[in-house]
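Student: Structure below; questions to follow.
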Number of protein chains: 2
Amino acid sequence: MEDIIKIVIALGGNALQDKTKPPTAAEQLEVVRMTCETLAGISCKGFEIAIVHGNGPQVGRIMLASEYAKDLTPAMPFDVCGAMSQGYIGYHIQQCLRQALKKKCHDVPVTTIITQVVVDENDEAFKHPRKPIGPFYNKEEADGIAGEKGYVMKEDAGRGWRRVVASPIPIRIVEVDTIGRLWKSTIVIMCGGGGIPVVEDGIGGYHGIAAVIDKDLAAERLAEEMGAHVLLILTEVDKVAINFNKPDQKDLDRISCEEAKQYMEEGHFAPGSMLPKVKAAVMFAESKPGRKSIITSLYNAEDALEGLNGTLIYAKES
Amino acid sequence: MEDIIKIVIALGGNALQDKTKPPTAAEQLEVVRMTCETLAGISCKGFEIAIVHGNGPQVGRIMLASEYAKDLTPAMPFDVCGAMSQGYIGYHIQQCLRQALKKKCHDVPVTTIITQVVVDENDEAFKHPRKPIGPFYNKEEADGIAGEKGYVMKEDAGRGWRRVVASPIPIRIVEVDTIGRLWKSTIVIMCGGGGIPVVEDGIGGYHGIAAVIDKDLAAERLAEEMGAHVLLILTEVDKVAINFNKPDQKDLDRISCEEAKQYMEEGHFAPGSMLPKVKAAVMFAESKPGRKSIITSLYNAEDALEGLNGTLIYAKES
């Protein structure tokens, strides 16, 4: 008998919110409801799944509200805003996914686990923070904040000044032992937004820091630690492409990790967009023989698992 | 060999925040750190514990910020604010408790589960909403909001007008199947703030509503559904008292459910304060022979479990 295939699914922003509509909770719930039809479809085919999701726009809005109201009630630090976004998004996914599953095939528990992800304080990324978070300020306000709080502030594409934080590599998922106990019976939503970034405090514990962990890299970590078979990264495009958005764009069906690395070196993939996805995909495919990664759109996810769509990233047998 | 004793612990607001200090995340973390020393002490004695916590001030502040910033970013509905508060508070507890446990005796997984709690749409409480939530408004603003959104607004003790919502009885914990799988290996934090209130949508799912579930009643529900032996309700006082704050105040060491009911009828316990705690305690003690409830302070929790402090509520053997 074959093992049941375990899949870690990383959901992009478009699986949570329609950019053409107002970013309300009600609109998120509608999009999540549709996303969960797809996720339920995958589960109902007999795959064991775990869900990781992004949180960029959501945590940005939580932080914006928190900073704006700071004279009324203390502003929350970035790690806490991340924890809040995990609660917000996880709640919607667990509510919709369970219902979709019940309707489609079976009543399976679905649960969100608040997740801390350990990063290394000495990660090179902390020397060059470049991930913008939170509200925009004018130059004067930005200088004031930099002086008062020690934040690094940068001008963001002519739109104003924003705080930038590091995007370090995820090293370890603190709550991974919990998913180990749940995986077989329960669909777990975890590492939301890449996880709440924490560093070791030197006395056996952790403390939260302001940083952004790439959610695809966190999903890769989770997939490795859980011994998953497939890392399924869902995004807006059906396939990874080289020469993206150029006349000679070429969509890729299957690429080896070697080819993927060459394309990365040649600069085919945009940093902060396709690049971290391909990186995560290669890392997972190379982590153990037989593991593979797929990058595709939410819409084509089920087809892609049958090899009918998407881009498969695989390691050549040595 | 005796069974391991399972305890559901309900934490009051003072276990999370020091009212004399600013309500910042950093101050919460400090209080939670101390609270977790006590919780770790209980776990290290060999009891199996699960944690339920309040969220009143936290969800109030999340909602305040969200409403205040509503022209910049859409305000979040109350169920989502509750989910966010579970993420916020759960994150702090799981971070501090694991560290306290590691230092004191053992490295046990600690995890927060985002929790939905089902209430009945036809609960009498919905006819008389009286739990104030969110910011204060003046009369004119309040009338505007009532007209626009259909909220029930009430004058709150001379401090202004606030929205009031119902406080219905918790019927069922949606994610209870998850804790069933984790209980023996993992300390679970769940039903934060009494849980996110949801009602059945008639097509196999749930949707969130604006309501406040009493966290002690939610803890009681959890304790029953988990087959716990003890419901331990931690609050600001060491013991339940009759004639509270009067010259003839009498602290109670042990009371039967019958005595407790009589004191409730006589009006000894303040609604919204000691009354729901005693109610929850009686409900649990009566739910099955051998179950007992304890109400005491965080400080005396360990002593109370050995019968050295606190108020024990027990059912007379029939």
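Chain lettering (A, B, ...) mirrors the order of the structure tokens, residue numbering begins at 1 for each chain separately, and ligand numbering begins at 1 in order of display.
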Find the residues in chain B near chain A: any atom within 6 Å counts, using only C-alpha atoms. Write them as a PDB file with C-alpha atoms, in the first residue's frame.
Tutor:
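Final output, iface_33.pdb:
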```pdb
ATOM      1  CA  THR B  24       0.940  47.985  26.226  1.00  0.00           C
ATOM      2  CA  ALA B  65      -8.134  51.180  17.132  1.00  0.00           C
ATOM      3  CA  SER B  66     -10.019  49.531  14.307  1.00  0.00           C
ATOM      4  CA  ALA B  69      -8.910  54.224  11.851  1.00  0.00           C
ATOM      5  CA  PRO B  74     -12.005  49.169   6.983  1.00  0.00           C
ATOM      6  CA  VAL B  80     -12.659  39.113  13.804  1.00  0.00           C
ATOM      7  CA  ALA B  83      -9.981  36.113  16.668  1.00  0.00           C
ATOM      8  CA  MET B  84      -7.210  38.714  16.687  1.00  0.00           C
ATOM      9  CA  GLY B  87      -3.803  35.386  18.481  1.00  0.00           C
ATOM     10  CA  TYR B  88      -2.365  38.229  20.551  1.00  0.00           C
ATOM     11  CA  GLN B  99       9.931  28.834  28.685  1.00  0.00           C
ATOM     12  CA  THR B 112      -2.838  28.221  20.918  1.00  0.00           C
ATOM     13  CA  ILE B 113      -5.847  27.017  18.968  1.00  0.00           C
ATOM     14  CA  ILE B 114      -8.097  29.634  17.413  1.00  0.00           C
ATOM     15  CA  GLY B 205     -21.438  25.696   8.559  1.00  0.00           C
TER      16      GLY B 205
END
```
Student: One decimal, in Å: what's the spacing between atom CA of A:Ala15 and atom CA of A:Leu222?
Tutor: 19.5 Å
Student: For the atom pair atom CA of A:Asn122 and atom CA of A:Ala166, what is the interatomic distance in Å to one decimal place?
Tutor: 11.2 Å
Student: For A:Val199, which of A:Lys215, A:Arg172, A:Lys19, A:Arg254 is the closest residue, counting only C-alpha atoms?
Tutor: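 So, comparing all the options, the nearest one is A:Arg172.
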Student: Could you check which of A:Leu101, A:Gly272, A:Tyr151, A:Leu252 is closest to A:Ile295, using only C-alpha atoms?
Tutor: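 Of A:Leu101, A:Gly272, A:Tyr151, A:Leu252, the one nearest A:Ile295, counting only C-alpha atoms, is A:Leu252.
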Student: Report as a list in words all protein, DNA and RNA residues lying within 12 Å of A:Gly41, evaluated on only C-alpha atoms, omitting residues in the same chain fewer than 6 positions from it.
Tutor: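 Those residues are Met34, Thr35, Phe47, Glu48, Ile49, Leu97, Arg98, Ala100, Leu101, Lys102, Lys103, Lys104, Cys105, His106, Leu298, Tyr299, Asn300, Ala301, Glu302, Asp303 and Leu305 of chain A.
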Student: Which residues are close to B:Val119, i.e. within 12 Å by only C-alpha atoms, leaving aside same-chain residues fewer than 2 positions away? Reply as a PyMOL selection string.
Tutor: chain B and resi 116-117+121-126+166-174+194-201+206-214+217-218+221
Student: Could you name the residues that touch stretch 284-286 of chain B at 7 Å or less, counting only C-alpha atoms, but leaving out those on the same chain fewer than 2 positions away, as a list in words?
Tutor: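 In the requested form, the answer reads Glu220, Glu224, Ala280, Ala281, Val282, Lys288, Arg291, Lys292, Ser293, Ile313, Tyr314 and Ala315 of chain B.
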Student: So, counting only C-alpha atoms, which residue among B:Lys316, B:Lys239, B:Lys139, B:His229 is closest to B:Met153?
Tutor: B:Lys139
Student: With only C-alpha atoms as the counted atoms, please give the residues lying no more than 6 Å from stretch 159-165 of chain B, apart from itself and same-chain residues fewer than 2 positions off, as a list in words.
Tutor: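 Final neighbour list, sorted by chain and number: Pro129, Arg130, Lys131, Pro132, Ile133, Phe136, Tyr137, Asn138, Val152, Met153, Lys154, Glu155, Asp156, Ala157 and Ala211 of chain B.
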Student: Pick out the residues sitting within 12 Å of B:Gln249, and hand them over as JSON, numbers by chain; count only C-alpha atoms, and ignore anything fewer than 6 positions along from it in its own chain.
Tutor: {"B": [239, 240, 241, 242, 243, 268, 269]}
Student: Measuring atom to atom with only C-alpha atoms, identify which of B:Asp216, B:Asp248, B:Ile294, B:Gln262 is nearest to B:Pro276.
Tutor: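 Checking each candidate against B:Pro276, we get B:Asp216 as the closest.
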Student: So, with only C-alpha atoms as the atoms that count, which of B:Thr235, B:Asn55, B:Cys257, B:Asn245 lies closest to B:Met274?
Tutor: B:Thr235
